[in-house]
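**Student:** Provided below: data_33.cif, containing mmCIF, C-alpha atoms.
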data_work
#
loop_
_atom_site.label_atom_id
_atom_site.label_comp_id
_atom_site.auth_asym_id
_atom_site.auth_seq_id
_atom_site.Cartn_x
_atom_site.Cartn_y
_atom_site.Cartn_z
CA MET L 1294 0.00 0.00 0.00
CA SER L 1295 1.46 3.38 -1.02
CA LEU L 1296 2.11 6.12 1.52
CA THR L 1297 -0.46 8.38 -0.15
CA VAL L 1298 -3.19 5.74 0.22
CA GLN L 1299 -2.22 5.14 3.86
CA ALA L 1300 -2.45 8.88 4.53
CA ALA L 1301 -5.87 9.04 2.88
CA LEU L 1302 -7.14 6.19 5.04
CA TRP L 1303 -5.88 7.87 8.22
CA GLY L 1304 -7.59 11.07 7.12
CA VAL L 1305 -10.88 9.20 6.84
CA VAL L 1306 -10.39 7.64 10.28
CA ALA L 1307 -9.73 11.06 11.84
CA ALA L 1308 -12.76 12.65 10.15
CA LEU L 1309 -15.19 9.83 10.96
CA PRO L 1310 -16.08 11.37 14.36
CA LEU L 1311 -17.78 14.18 12.41
CA LEU L 1312 -20.14 11.59 10.95
CA VAL L 1313 -20.51 9.78 14.29
CA GLY L 1314 -21.25 13.05 16.06
CA ALA L 1315 -23.86 13.86 13.43
CA ALA L 1316 -25.51 10.47 13.93
CA VAL L 1317 -25.58 10.98 17.70
CA ALA L 1318 -27.14 14.43 17.28
CA ILE L 1319 -29.84 12.97 15.02
CA ARG L 1320 -30.71 10.13 17.40
CA ARG L 1321 -30.02 11.58 20.85
CA SER L 1322 -29.99 15.37 20.57
CA PRO L 1323 -27.22 15.93 23.19
CA SER L 1324 -27.45 19.01 25.36
CA ALA L 1325 -25.42 22.12 24.63
CA ARG L 1326 -23.54 21.54 27.90
CA VAL L 1327 -22.34 18.10 26.84
CA VAL L 1328 -21.15 19.45 23.49
CA GLY L 1329 -19.38 22.32 25.24
CA LEU L 1330 -17.57 20.06 27.71
CA VAL L 1331 -16.18 17.84 24.97
CA ALA L 1332 -15.30 20.85 22.79
CA ALA L 1333 -13.34 22.51 25.61
CA PHE L 1334 -11.31 19.36 26.29
CA GLY L 1335 -10.69 18.90 22.56
CA ALA L 1336 -9.49 22.51 22.22
CA GLY L 1337 -6.77 21.98 24.83
CA ALA L 1338 -5.75 18.68 23.27
CA LEU L 1339 -5.45 20.31 19.86
CA ILE L 1340 -3.32 23.17 21.18
CA SER L 1341 -0.93 20.66 22.77
CA ALA L 1342 -0.79 18.46 19.69
CA VAL L 1343 -0.17 21.39 17.35
CA SER L 1344 2.53 22.79 19.64
CA PHE L 1345 4.55 19.62 20.20
CA ASP L 1346 3.73 17.36 17.25
CA LEU L 1347 3.67 20.03 14.58
CA VAL L 1348 5.31 23.40 15.33
CA LEU L 1349 8.12 22.12 17.55
CA ALA L 1350 8.91 19.24 15.21
CA ALA L 1351 8.93 21.53 12.17
CA SER L 1352 11.18 24.08 13.90
CA GLU L 1353 13.86 21.42 14.39
CA LYS L 1354 14.23 20.70 10.67
CA ASP L 1355 17.19 22.04 8.73
CA VAL L 1356 15.38 24.69 6.70
CA PRO L 1357 15.41 28.52 6.63
CA ARG L 1358 14.01 30.03 9.84
CA TYR L 1359 11.38 32.05 8.01
CA ALA L 1360 9.65 28.99 6.51
CA LEU L 1361 7.63 27.98 9.56
CA GLY L 1362 6.56 31.55 10.37
CA VAL L 1363 5.46 32.16 6.80
CA GLY L 1364 3.46 28.96 6.80
CA VAL L 1365 1.73 29.77 10.11
CA ALA L 1366 0.81 33.27 8.94
CA LEU L 1367 -0.54 32.02 5.61
CA GLY L 1368 -2.62 29.35 7.35
CA ALA L 1369 -4.14 31.84 9.76
CA ILE L 1370 -4.95 34.28 6.93
CA ALA L 1371 -6.51 31.54 4.81
CA TYR L 1372 -8.69 30.35 7.67
CA PHE L 1373 -9.76 33.92 8.50
CA LEU L 1374 -10.75 34.64 4.90
CA GLY L 1375 -12.61 31.35 4.61
CA LYS L 1376 -14.59 31.90 7.80
CA ARG L 1377 -15.32 35.48 6.77
CA ALA L 1378 -16.73 34.30 3.46
CA ILE L 1379 -18.89 31.75 5.28
CA GLY L 1380 -20.05 34.45 7.70
CA ARG L 1381 -21.20 36.62 4.81
CA LYS L 1382 -23.16 33.69 3.45
CA GLN L 1383 -24.78 33.15 6.85
CA GLY L 1384 -25.74 36.80 7.08
CA SER L 1385 -27.25 36.98 3.62
CA GLY L 1386 -29.64 34.08 4.01
CA GLY L 1387 -31.43 31.84 6.47
CA GLY L 1388 -32.76 28.31 6.50
CA SER L 1389 -30.80 25.96 4.28
CA SER L 1390 -28.26 28.70 3.43
CA ARG L 1391 -27.31 29.05 7.10
CA GLY L 1392 -27.12 25.29 7.51
CA ALA L 1393 -24.90 24.97 4.46
CA ALA L 1394 -22.59 27.66 5.85
CA LEU L 1395 -22.21 25.75 9.12
CA LEU L 1396 -21.40 22.61 7.17
CA LEU L 1397 -18.75 24.45 5.18
CA GLY L 1398 -17.29 25.71 8.44
CA ALA L 1399 -16.97 22.18 9.78
CA ALA L 1400 -15.30 21.06 6.56
CA LEU L 1401 -12.90 23.99 6.73
CA ASP L 1402 -11.88 22.86 10.22
CA GLY L 1403 -11.39 19.25 9.18
CA ILE L 1404 -9.27 19.93 6.11
CA PRO L 1405 -6.14 21.29 7.85
CA GLU L 1406 -6.38 18.52 10.46
CA ALA L 1407 -6.45 15.86 7.73
CA PHE L 1408 -3.61 17.58 5.91
CA ILE L 1409 -1.43 17.48 9.04
CA LEU L 1410 -2.05 13.77 9.49
CA GLY L 1411 -0.92 13.10 5.94
CA LEU L 1412 2.18 15.24 6.42
CA SER L 1413 3.09 13.61 9.73
CA LEU L 1414 2.86 10.17 8.16
CA ALA L 1415 5.15 11.16 5.28
CA ILE L 1416 7.65 13.30 7.21
CA GLY L 1417 7.76 11.48 10.52
CA GLY L 1418 7.29 7.94 9.28
CA GLY L 1419 4.05 7.42 11.20
CA VAL L 1420 0.88 9.07 12.43
CA SER L 1421 1.19 11.06 15.67
CA LEU L 1422 -1.09 9.34 18.21
CA PRO L 1423 -1.58 12.47 20.37
CA PHE L 1424 -2.55 14.54 17.34
CA LEU L 1425 -4.90 11.84 16.07
CA ILE L 1426 -6.64 11.65 19.46
CA ALA L 1427 -6.92 15.44 19.63
CA VAL L 1428 -8.51 15.58 16.19
CA VAL L 1429 -10.97 12.82 17.06
CA VAL L 1430 -11.95 14.51 20.34
CA SER L 1431 -12.52 17.88 18.65
CA ASN L 1432 -14.37 16.53 15.60
CA PHE L 1433 -16.98 14.63 17.58
CA PRO L 1434 -18.60 17.66 19.30
CA GLU L 1435 -18.25 19.68 16.12
CA GLY L 1436 -20.28 17.12 14.20
CA MET L 1437 -22.91 17.15 16.94
CA ALA L 1438 -23.16 20.93 17.15
CA ALA L 1439 -23.29 21.57 13.41
CA THR L 1440 -25.87 18.83 12.87
CA ALA L 1441 -28.09 20.22 15.63
CA GLU L 1442 -28.18 23.51 13.69
CA LEU L 1443 -28.62 21.87 10.31
CA ARG L 1444 -31.65 19.93 11.55
CA GLU L 1445 -33.44 23.25 11.95
CA SER L 1446 -32.92 24.08 8.28
CA PRO L 1447 -35.65 23.16 5.77
CA GLY L 1448 -34.70 20.28 3.50
CA PHE L 1449 -32.05 18.73 5.75
CA LYS L 1450 -33.57 15.36 6.55
CA PRO L 1451 -31.52 12.82 8.59
CA ALA L 1452 -30.59 10.76 5.52
CA ARG L 1453 -29.41 13.83 3.65
CA LEU L 1454 -27.43 15.03 6.65
CA LEU L 1455 -25.60 11.72 6.95
CA ARG L 1456 -24.84 11.64 3.21
CA THR L 1457 -23.48 15.18 3.39
CA TRP L 1458 -21.21 14.40 6.33
CA ALA L 1459 -20.01 11.30 4.50
CA VAL L 1460 -18.87 13.57 1.66
CA VAL L 1461 -16.99 15.75 4.17
CA VAL L 1462 -15.22 12.64 5.51
CA ALA L 1463 -14.28 11.60 1.97
CA VAL L 1464 -12.89 15.08 1.23
CA CYS L 1465 -10.76 14.90 4.37
CA GLY L 1466 -9.41 11.56 3.17
CA VAL L 1467 -8.40 13.09 -0.16
CA VAL L 1468 -6.74 16.06 1.58
CA ALA L 1469 -4.81 13.73 3.90
CA GLY L 1470 -3.60 11.84 0.84
CA LEU L 1471 -2.40 15.11 -0.70
CA GLY L 1472 -0.61 15.93 2.56
CA GLY L 1473 1.15 12.58 2.41
CA LEU L 1474 2.11 13.18 -1.22
CA LEU L 1475 3.48 16.65 -0.48
CA GLY L 1476 5.32 15.42 2.59
CA GLU L 1477 7.43 13.19 0.36
CA LYS L 1478 8.83 16.30 -1.37
CA THR L 1479 11.50 18.67 -0.05
CA PRO L 1480 11.76 19.48 3.70
CA LEU L 1481 11.11 23.18 2.99
CA GLU L 1482 7.76 22.41 1.35
CA GLY L 1483 6.87 20.13 4.25
CA VAL L 1484 7.69 22.76 6.89
CA ILE L 1485 5.70 25.50 5.13
CA SER L 1486 2.77 23.10 4.77
CA GLU L 1487 2.97 22.09 8.44
CA GLY L 1488 3.07 25.76 9.42
CA PHE L 1489 0.09 26.52 7.19
CA ALA L 1490 -1.98 23.78 8.79
CA ALA L 1491 -0.86 24.86 12.29
CA GLY L 1492 -1.91 28.46 11.64
CA ALA L 1493 -5.31 27.39 10.36
CA LEU L 1494 -5.86 25.05 13.30
CA LEU L 1495 -4.83 27.57 15.94
CA SER L 1496 -7.14 30.14 14.36
CA MET L 1497 -9.99 27.64 14.52
CA VAL L 1498 -9.30 26.71 18.15
CA THR L 1499 -8.93 30.26 19.49
CA GLY L 1500 -11.55 31.89 17.27
CA ASP L 1501 -14.26 29.23 17.17
CA LEU L 1502 -13.85 26.17 19.38
CA VAL L 1503 -12.93 27.90 22.67
CA PRO L 1504 -15.48 30.76 22.39
CA GLU L 1505 -18.24 28.28 21.49
CA ALA L 1506 -17.35 26.04 24.44
CA GLU L 1507 -17.27 29.06 26.77
CA LYS L 1508 -20.82 29.97 25.76
CA LYS L 1509 -22.00 26.50 26.70
CA VAL L 1510 -20.05 25.69 29.89
CA GLY L 1511 -18.66 29.04 31.10
CA ALA L 1512 -15.66 28.97 33.43
CA LEU L 1513 -15.24 25.21 33.04
CA THR L 1514 -13.85 25.86 29.56
CA GLY L 1515 -10.43 26.92 30.87
CA LEU L 1516 -10.13 23.99 33.26
CA LEU L 1517 -11.14 21.39 30.68
CA ALA L 1518 -8.88 22.92 28.02
CA VAL L 1519 -5.89 22.65 30.37
CA LEU L 1520 -6.82 19.04 31.17
CA GLY L 1521 -7.03 18.30 27.45
CA PHE L 1522 -3.62 19.93 26.96
CA ALA L 1523 -2.13 17.86 29.79
CA VAL L 1524 -3.53 14.57 28.48
CA ALA L 1525 -2.27 15.24 24.93
CA PHE L 1526 1.14 16.28 26.28
CA GLY L 1527 1.31 13.10 28.35
CA LEU L 1528 0.55 11.02 25.28
CA HIS L 1529 3.25 12.92 23.38
CA GLN L 1530 5.81 12.10 26.09
CA LEU L 1531 4.85 8.42 26.06
CA GLY L 1532 5.37 8.37 22.32
CA GLU L 1533 8.91 9.77 22.58
#
As structure tokens, please, write out the structure in this file.

**Tutor:**
Amino acid sequence: MSLTVQAALWGVVAALPLLVGAAVAIRRSPSARVVGLVAAFGAGALISAVSFDLVLAASEKDVPRYALGVGVALGAIAYFLGKRAIGRKQGSGGGSSRGAALLLGAALDGIPEAFILGLSLAIGGGVSLPFLIAVVVSNFPEGMAATAELRESPGFKPARLLRTWAVVVAVCGVVAGLGGLLGEKTPLEGVISEGFAAGALLSMVTGDLVPEAEKKVGALTGLLAVLGFAVAFGLHQLGE
């Protein structure tokens, strides 16, 4: 099995919690508090995973010092522009338009995560377990929350919702495969790509995941985020 195919399969595995979360939201309708608790923990885990399994690892490669910073800045800008475009779409329409915008937002979150997994497989020789766990933990509540909103939009029946999330999972698999393919190229390209994904992910965590969790669980957000960070860091140390 080629490295690109392996990366694609790992991307699908990491994105599957979006689909599982959607299915749970359709069948169980979890409370906002439950979604917020899981989101807060996942935010801390992602920050730890990005810091130690992505940024730190990339900074130790023998490439120009500017590469990582440029990648991080480009990733943050790209995420900001994408979310801004989605926000304009939300503001200009309701119903199915708003639901579609939320779905696009979830896909925009999942794409850099899948890309990182593909890169880590190609550059590091294997998938980072702490990062994989962090992605899984953050994707599950995101799938629940977005689906809860989409259910209120006309035309989004359960079967259609599940099919749509399945497409998102497939896209993440393709992106992970591309990350694996790019990671086989020069170290400079890999570092810039890792920085890009890190910038996009950190923008998502600080601008979306943490504020949304804070709305749902209040002061518990900080505590759970630190616990998530600690657990991911512990996993990182065990993997050393």

**Student:** Quote the spacing between atom CA of L:Gly1314 and atom CA of L:Gly1368 in Å to one decimal place.

**Tutor:** 26.2 Å

**Student:** Between L:Leu1502, L:Val1363, L:Leu1422, L:Val1429, which residue has the minimum interatomic distance to L:Leu1531, considering only C-alpha atoms?

**Tutor:**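 Among the listed residues, the smallest separation from L:Leu1531 belongs to L:Leu1422.
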
**Student:** Set out as CSV a contact list for stretch 1473-1531 of chain L and stretch 1332-1338 of chain L with a cut-off of 8 Å, giving each residue of stretch 1473-1531 of chain L that qualifies its closest atom pair and distance in Å to one decimal, counting only C-alpha atoms, ordered by chain and rising residue number.

**Tutor:**
residue,atom,partner,partner_atom,distance
L:Val1498,CA,L:Ala1336,CA,5.9
L:Leu1502,CA,L:Ala1336,CA,6.4
L:Val1503,CA,L:Ala1333,CA,6.2
L:Ala1506,CA,L:Ala1333,CA,5.5
L:Glu1507,CA,L:Ala1333,CA,7.7
L:Thr1514,CA,L:Ala1333,CA,5.2
L:Gly1515,CA,L:Ala1333,CA,7.5
L:Leu1517,CA,L:Phe1334,CA,4.8
L:Ala1518,CA,L:Gly1337,CA,3.9
L:Val1519,CA,L:Gly1337,CA,5.6
L:Leu1520,CA,L:Phe1334,CA,6.6
L:Gly1521,CA,L:Ala1338,CA,4.4
L:Phe1522,CA,L:Gly1337,CA,4.3
L:Ala1523,CA,L:Ala1338,CA,7.5
L:Val1524,CA,L:Ala1338,CA,7.0
L:Ala1525,CA,L:Ala1338,CA,5.2
L:Phe1526,CA,L:Ala1338,CA,7.9

**Student:** By how many Å are atom CA of L:Gly1436 and atom CA of L:Ala1308 apart?

**Tutor:** 9.6 Å

**Student:** Work out how far apart atom CA of L:Arg1358 and atom CA of L:Phe1345 are and give it in Å to one decimal.

**Tutor:**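 These two atoms are separated by 17.5 Å.
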
**Student:** Which residues match the PyMOL selection byres ((chain L and resi 1458-1461) around 12) in the file above, as a ChimeraX atom specification?

**Tutor:** /L:1304-1316,1393,1395-1404,1407,1432,1435-1437,1439-1440,1443,1449,1451-1457,1462-1468

**Student:** Do you know which residues are at most 6 Å from L:Leu1361 counting all atoms listed in the file, after dropping those on the same chain fewer than 5 positions away, and could you put them as a VMD selection string?

**Tutor:** chain L and resid 1484 to 1485 1488

**Student:** So, counting only C-alpha atoms, which residue among L:Glu1487, L:Ser1295, L:Ser1322, L:Ser1431 is closest to L:Lys1354?

**Tutor:**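 Smallest separation from L:Lys1354 among the options: L:Glu1487.
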
**Student:** Taking into account only C-alpha atoms, which residue in the set L:Val1348, L:Ala1342, L:Leu1410, L:Ala1378 is nearest to L:Leu1475?

**Tutor:**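 Among the listed residues, the smallest separation from L:Leu1475 belongs to L:Leu1410.
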
**Student:** From the options L:Pro1434, L:Gly1500, L:Gly1473, L:Gly1527, which residue's atoms come nearest to L:Val1317, counting only C-alpha atoms?

**Tutor:**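 Smallest separation from L:Val1317 among the options: L:Pro1434.
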